[in-house]
Amino acid sequence: MITNRLCRFIFAVSLLAALSLVSSAAAKPPIVPLRTSVTFSSQSTGNRWSVPIRSTDGGTVYILSLEPDFDVGHHIVTLELVLRHPSDKTDAPNLLDPTGSRHGLQAYDFAADDLAQGVQKSAFGEKRTVSLKKSGLVVRIAVSKATVSPISAGNYQLDALDLQIEVDNSNP
């Protein structure tokens with residue numbers, strides 16, 4: 001009798017584990033790899049950039065965008081690369097920050113103060129990688145150009161930024 005119960009218990013646990021893996025895999029649809037370039041200029045009136053990331057079945061699963069952060073003088077001091085689901089509101093959390101408790105400068109941030117001494121001397125350098133285990137994505141960013149100008153002693157604004165971005169499945 002105990003053996004029968006033990007076998008049923010093991011079967012039930014195995015079944016639940018298998019179902020969990022299937023639903024987990026369904027939550028991470030494979031994407032069509034994205035390779036794109038972004039050219040930002042503070043002189044351009046169309047500062048907003050975004051691009052859809054599509055699943056292999058053709059649906060849009062993410063939106064990748066570059067969003068400015070302004071200081072009190074309305075200078076662009078940071079550009080943040082943001083990943084969201086297409087149905088998310090503009091204030092939804094950035095999926096590139098899997099912890100949700102972001103502190104300090106991140107690889108997907110392009111801060112004028114950090115870039116003031118050149119891309120190579122910035123905190124993350126010219127090549128940056130963000131791995132998202134939960135969604136199974138890897139985002140590779142190459143900064144090819146960053147131009148800043150001073151707005152006050154030790155503070156800078158972002159004038160221009162050129163990026164090459166690749167988004168791919170982490171296990172293609």
# chains A, B, ... in the order shown; residues from 1 in each chain; ligands from 1
>>> residues_around(residues="stretch 126-128 of chain A", least_positions_apart="2", cutoff="12 Å", atoms="only C-alpha atoms", output="JSON, numbers by chain")
{"A": [81, 106, 107, 108, 109, 110, 114, 115, 118, 119, 120, 121, 122, 123, 124, 130, 131, 138, 139, 140, 141, 142, 143, 144, 145, 146, 161, 162, 163, 164, 165, 166]}
>>> write_last_selection(atoms="N, CA, C and O atoms", output="compact mmCIF listing (two decimals), in the first residue's frame")
# COMPACT_ATOMS: atom_id res chain seq x y z
N LEU A 81 17.84 52.46 -22.82
CA LEU A 81 17.29 51.45 -23.71
C LEU A 81 16.26 50.67 -22.90
O LEU A 81 16.55 50.19 -21.81
N GLN A 106 23.37 51.39 -15.37
CA GLN A 106 23.25 50.03 -15.91
C GLN A 106 23.79 50.00 -17.34
O GLN A 106 23.94 51.05 -17.97
N ALA A 107 24.04 48.82 -17.86
CA ALA A 107 24.59 48.66 -19.21
C ALA A 107 23.66 49.21 -20.29
O ALA A 107 24.10 49.53 -21.39
N TYR A 108 22.38 49.34 -19.99
CA TYR A 108 21.41 49.85 -20.97
C TYR A 108 21.16 51.35 -20.79
O TYR A 108 20.27 51.92 -21.41
N ASP A 109 21.97 52.01 -19.94
CA ASP A 109 21.90 53.46 -19.74
C ASP A 109 23.04 54.13 -20.48
O ASP A 109 24.17 53.64 -20.48
N PHE A 110 22.74 55.28 -21.04
CA PHE A 110 23.75 56.06 -21.74
C PHE A 110 23.69 57.47 -21.16
O PHE A 110 22.95 58.32 -21.63
N ASP A 114 28.70 60.05 -17.77
CA ASP A 114 29.52 58.85 -17.90
C ASP A 114 30.28 58.83 -19.23
O ASP A 114 31.39 58.32 -19.31
N LEU A 115 29.68 59.39 -20.27
CA LEU A 115 30.28 59.37 -21.60
C LEU A 115 31.18 60.58 -21.87
O LEU A 115 31.80 60.67 -22.93
N GLY A 118 34.66 59.96 -23.05
CA GLY A 118 34.73 59.06 -24.20
C GLY A 118 34.09 57.73 -23.90
O GLY A 118 34.01 57.31 -22.75
N VAL A 119 33.64 57.06 -24.95
CA VAL A 119 32.95 55.79 -24.81
C VAL A 119 33.84 54.74 -24.16
O VAL A 119 33.42 53.98 -23.28
N GLN A 120 35.13 54.69 -24.58
CA GLN A 120 36.05 53.67 -24.06
C GLN A 120 36.25 53.80 -22.55
O GLN A 120 36.48 52.81 -21.87
N LYS A 121 36.19 55.02 -22.03
CA LYS A 121 36.40 55.24 -20.59
C LYS A 121 35.11 55.23 -19.79
O LYS A 121 35.12 55.45 -18.58
N SER A 122 33.99 54.98 -20.45
CA SER A 122 32.71 54.95 -19.73
C SER A 122 32.63 53.68 -18.89
O SER A 122 33.42 52.74 -19.06
N ALA A 123 31.70 53.64 -17.97
CA ALA A 123 31.59 52.52 -17.02
C ALA A 123 31.44 51.17 -17.70
O ALA A 123 31.96 50.16 -17.21
N PHE A 124 30.76 51.09 -18.83
CA PHE A 124 30.51 49.81 -19.50
C PHE A 124 31.25 49.68 -20.84
O PHE A 124 31.14 48.66 -21.49
N VAL A 130 23.48 42.53 -22.17
CA VAL A 130 22.46 42.33 -21.13
C VAL A 130 21.82 40.98 -21.39
O VAL A 130 21.22 40.76 -22.44
N SER A 131 21.97 40.05 -20.44
CA SER A 131 21.38 38.71 -20.56
C SER A 131 20.14 38.63 -19.69
O SER A 131 20.20 38.96 -18.50
N VAL A 138 19.21 37.73 -25.16
CA VAL A 138 20.49 38.40 -24.98
C VAL A 138 20.44 39.67 -25.83
O VAL A 138 20.08 39.63 -27.00
N VAL A 139 20.79 40.80 -25.21
CA VAL A 139 20.83 42.08 -25.91
C VAL A 139 22.29 42.54 -25.94
O VAL A 139 22.91 42.69 -24.89
N ARG A 140 22.81 42.72 -27.15
CA ARG A 140 24.18 43.20 -27.33
C ARG A 140 24.12 44.61 -27.89
O ARG A 140 23.43 44.85 -28.89
N ILE A 141 24.88 45.50 -27.28
CA ILE A 141 24.85 46.90 -27.66
C ILE A 141 26.28 47.35 -27.94
O ILE A 141 27.18 47.11 -27.12
N ALA A 142 26.49 47.99 -29.07
CA ALA A 142 27.78 48.59 -29.40
C ALA A 142 27.56 50.09 -29.56
O ALA A 142 26.70 50.52 -30.34
N VAL A 143 28.31 50.87 -28.81
CA VAL A 143 28.22 52.33 -28.90
C VAL A 143 29.30 52.78 -29.88
O VAL A 143 30.48 52.63 -29.62
N SER A 144 28.88 53.30 -31.02
CA SER A 144 29.87 53.72 -32.02
C SER A 144 30.15 55.22 -31.95
O SER A 144 31.20 55.66 -32.41
N LYS A 145 29.24 56.00 -31.37
CA LYS A 145 29.46 57.44 -31.27
C LYS A 145 28.66 57.97 -30.08
O LYS A 145 27.51 57.60 -29.89
N ALA A 146 29.30 58.84 -29.32
CA ALA A 146 28.61 59.55 -28.24
C ALA A 146 29.21 60.95 -28.16
O ALA A 146 30.42 61.10 -28.00
N LEU A 161 24.12 60.18 -30.16
CA LEU A 161 24.45 58.81 -29.75
C LEU A 161 24.11 57.88 -30.92
O LEU A 161 23.01 57.94 -31.46
N ASP A 162 25.08 57.05 -31.29
CA ASP A 162 24.86 56.04 -32.33
C ASP A 162 25.10 54.67 -31.71
O ASP A 162 26.15 54.44 -31.10
N LEU A 163 24.13 53.78 -31.87
CA LEU A 163 24.20 52.44 -31.32
C LEU A 163 23.92 51.40 -32.40
O LEU A 163 23.14 51.66 -33.31
N GLN A 164 24.55 50.24 -32.24
CA GLN A 164 24.18 49.05 -33.01
C GLN A 164 23.67 48.07 -31.96
O GLN A 164 24.35 47.82 -30.95
N ILE A 165 22.48 47.54 -32.19
CA ILE A 165 21.83 46.67 -31.20
C ILE A 165 21.47 45.35 -31.86
O ILE A 165 20.94 45.32 -32.97
N GLU A 166 21.75 44.28 -31.13
CA GLU A 166 21.33 42.94 -31.54
C GLU A 166 20.54 42.33 -30.39
O GLU A 166 20.97 42.40 -29.24
>>> select_by_dssp(residues="stretch 24-154 of chain A", states="helix (DSSP H, G or I)", output="PyMOL selection string")
chain A and resi 24-26+112-115
>>> residues_around(residues="A:Ser65", least_positions_apart="4", cutoff="7 Å", atoms="only C-alpha atoms", output="number ranges by chain")
A: 49-51, 81-83
>>> write_last_selection(atoms="N, CA, C and O atoms", output="mmCIF file, in the first residue's frame")
data_model
loop_
_atom_site.group_PDB
_atom_site.id
_atom_site.type_symbol
_atom_site.label_atom_id
_atom_site.label_comp_id
_atom_site.auth_asym_id
_atom_site.auth_seq_id
_atom_site.Cartn_x
_atom_site.Cartn_y
_atom_site.Cartn_z
ATOM 1 N N TRP A 49 12.607 56.753 -30.540
ATOM 2 C CA TRP A 49 12.920 55.636 -31.422
ATOM 3 C C TRP A 49 12.384 54.370 -30.780
ATOM 4 O O TRP A 49 12.533 54.164 -29.577
ATOM 5 N N SER A 50 11.761 53.519 -31.577
ATOM 6 C CA SER A 50 11.324 52.218 -31.077
ATOM 7 C C SER A 50 11.243 51.250 -32.250
ATOM 8 O O SER A 50 11.106 51.664 -33.410
ATOM 9 N N VAL A 51 11.357 49.967 -31.917
ATOM 10 C CA VAL A 51 11.304 48.925 -32.930
ATOM 11 C C VAL A 51 10.632 47.694 -32.322
ATOM 12 O O VAL A 51 10.868 47.380 -31.149
ATOM 13 N N LEU A 81 17.840 52.458 -22.817
ATOM 14 C CA LEU A 81 17.289 51.452 -23.711
ATOM 15 C C LEU A 81 16.256 50.673 -22.900
ATOM 16 O O LEU A 81 16.551 50.195 -21.806
ATOM 17 N N VAL A 82 15.040 50.592 -23.421
ATOM 18 C CA VAL A 82 13.923 50.014 -22.676
ATOM 19 C C VAL A 82 13.283 48.888 -23.486
ATOM 20 O O VAL A 82 13.055 49.024 -24.686
ATOM 21 N N LEU A 83 12.981 47.802 -22.809
ATOM 22 C CA LEU A 83 12.291 46.663 -23.404
ATOM 23 C C LEU A 83 10.983 46.464 -22.647
ATOM 24 O O LEU A 83 10.989 46.344 -21.413
#
>>> closest_residue(among="A:Glu80, A:Asp159, A:Asp88, A:Asp168", to="A:Arg35", atoms="only C-alpha atoms")
A:Asp168
>>> closest_residue(among="A:Asn169, A:Pro93, A:Asp69, A:Val148", to="A:Ser55", atoms="only C-alpha atoms")
A:Asn169
>>> closest_residue(among="A:Ala112, A:Leu64, A:Ile76, A:Val32", to="A:Tyr156", atoms="only C-alpha atoms")
A:Ala112
>>> select_by_dssp(residues="stretch 64-154 of chain A", states="strand (DSSP E)", output="PyMOL selection string")
chain A and resi 64-70+76-84+109-111+127-132+137-152
>>> write_last_selection(atoms="C-alpha atoms", output="tab-separated table (two decimals), in the first residue's frame")
chain	number	residue	atom	x	y	z
A	64	LEU	CA	12.57	48.05	-27.79
A	65	SER	CA	12.86	51.81	-27.41
A	66	LEU	CA	15.29	54.55	-26.46
A	67	GLU	CA	13.84	56.92	-23.88
A	68	PRO	CA	15.33	60.25	-22.76
A	69	ASP	CA	15.72	61.43	-19.18
A	70	PHE	CA	15.72	65.19	-18.74
A	76	ILE	CA	18.81	65.24	-22.10
A	77	VAL	CA	21.21	63.82	-19.52
A	78	THR	CA	20.56	60.09	-20.08
A	79	LEU	CA	19.09	57.83	-22.72
A	80	GLU	CA	17.77	54.49	-21.50
A	81	LEU	CA	17.29	51.45	-23.71
A	82	VAL	CA	13.92	50.01	-22.68
A	83	LEU	CA	12.29	46.66	-23.40
A	84	ARG	CA	8.56	46.22	-22.78
A	109	ASP	CA	21.90	53.46	-19.74
A	110	PHE	CA	23.75	56.06	-21.74
A	111	ALA	CA	24.46	58.91	-19.34
A	127	LYS	CA	30.40	46.90	-26.11
A	128	ARG	CA	27.71	45.96	-23.61
A	129	THR	CA	25.69	42.78	-23.07
A	130	VAL	CA	22.46	42.33	-21.13
A	131	SER	CA	21.38	38.71	-20.56
A	132	LEU	CA	17.78	38.09	-19.57
A	137	LEU	CA	17.05	36.88	-24.51
A	138	VAL	CA	20.49	38.40	-24.98
A	139	VAL	CA	20.83	42.08	-25.91
A	140	ARG	CA	24.18	43.20	-27.33
A	141	ILE	CA	24.85	46.90	-27.66
A	142	ALA	CA	27.78	48.59	-29.40
A	143	VAL	CA	28.22	52.33	-28.90
A	144	SER	CA	29.87	53.72	-32.02
A	145	LYS	CA	29.46	57.44	-31.27
A	146	ALA	CA	28.61	59.55	-28.24
A	147	THR	CA	28.79	63.33	-28.23
A	148	VAL	CA	28.16	65.39	-25.10
A	149	SER	CA	28.47	69.06	-24.17
A	150	PRO	CA	28.81	70.78	-20.80
A	151	ILE	CA	25.73	72.38	-19.24
A	152	SER	CA	27.37	73.36	-15.93
>>> closest_residue(among="A:Lys134, A:Pro33, A:Asp71, A:Asp113", to="A:Thr99", atoms="only C-alpha atoms")
A:Lys134
>>> atom_distance(atom1="atom CA of A:Lys133", atom2="atom CA of A:Asn171")
10.1 Å
>>> residues_around(residues="A:Pro86", least_positions_apart="5", cutoff="10 Å", atoms="only C-alpha atoms", output="list of chain:residue names")
A:Pro52, A:Ile53, A:Thr60, A:Val61, A:Tyr62, A:Ile63, A:Leu64
>>> write_last_selection(atoms="N, CA and C atoms", output="compact mmCIF listing (two decimals), in the first residue's frame")
# COMPACT_ATOMS: atom_id res chain seq x y z
N PRO A 52 9.77 47.02 -33.09
CA PRO A 52 9.15 45.80 -32.56
C PRO A 52 10.12 44.62 -32.64
N ILE A 53 9.99 43.71 -31.69
CA ILE A 53 10.71 42.45 -31.71
C ILE A 53 9.64 41.38 -31.88
N THR A 60 4.20 40.39 -32.47
CA THR A 60 5.11 41.27 -31.74
C THR A 60 5.09 40.88 -30.28
N VAL A 61 6.25 40.52 -29.72
CA VAL A 61 6.33 40.10 -28.33
C VAL A 61 6.97 41.15 -27.44
N TYR A 62 7.78 42.03 -28.03
CA TYR A 62 8.44 43.09 -27.27
C TYR A 62 8.54 44.35 -28.13
N ILE A 63 8.69 45.46 -27.45
CA ILE A 63 9.01 46.73 -28.10
C ILE A 63 10.30 47.22 -27.44
N LEU A 64 11.30 47.52 -28.27
CA LEU A 64 12.57 48.05 -27.79
C LEU A 64 12.57 49.53 -28.13
>>> closest_residue(among="A:Asn155, A:Gly73, A:Leu96, A:Ser135", to="A:Pro30", atoms="only C-alpha atoms")
A:Ser135
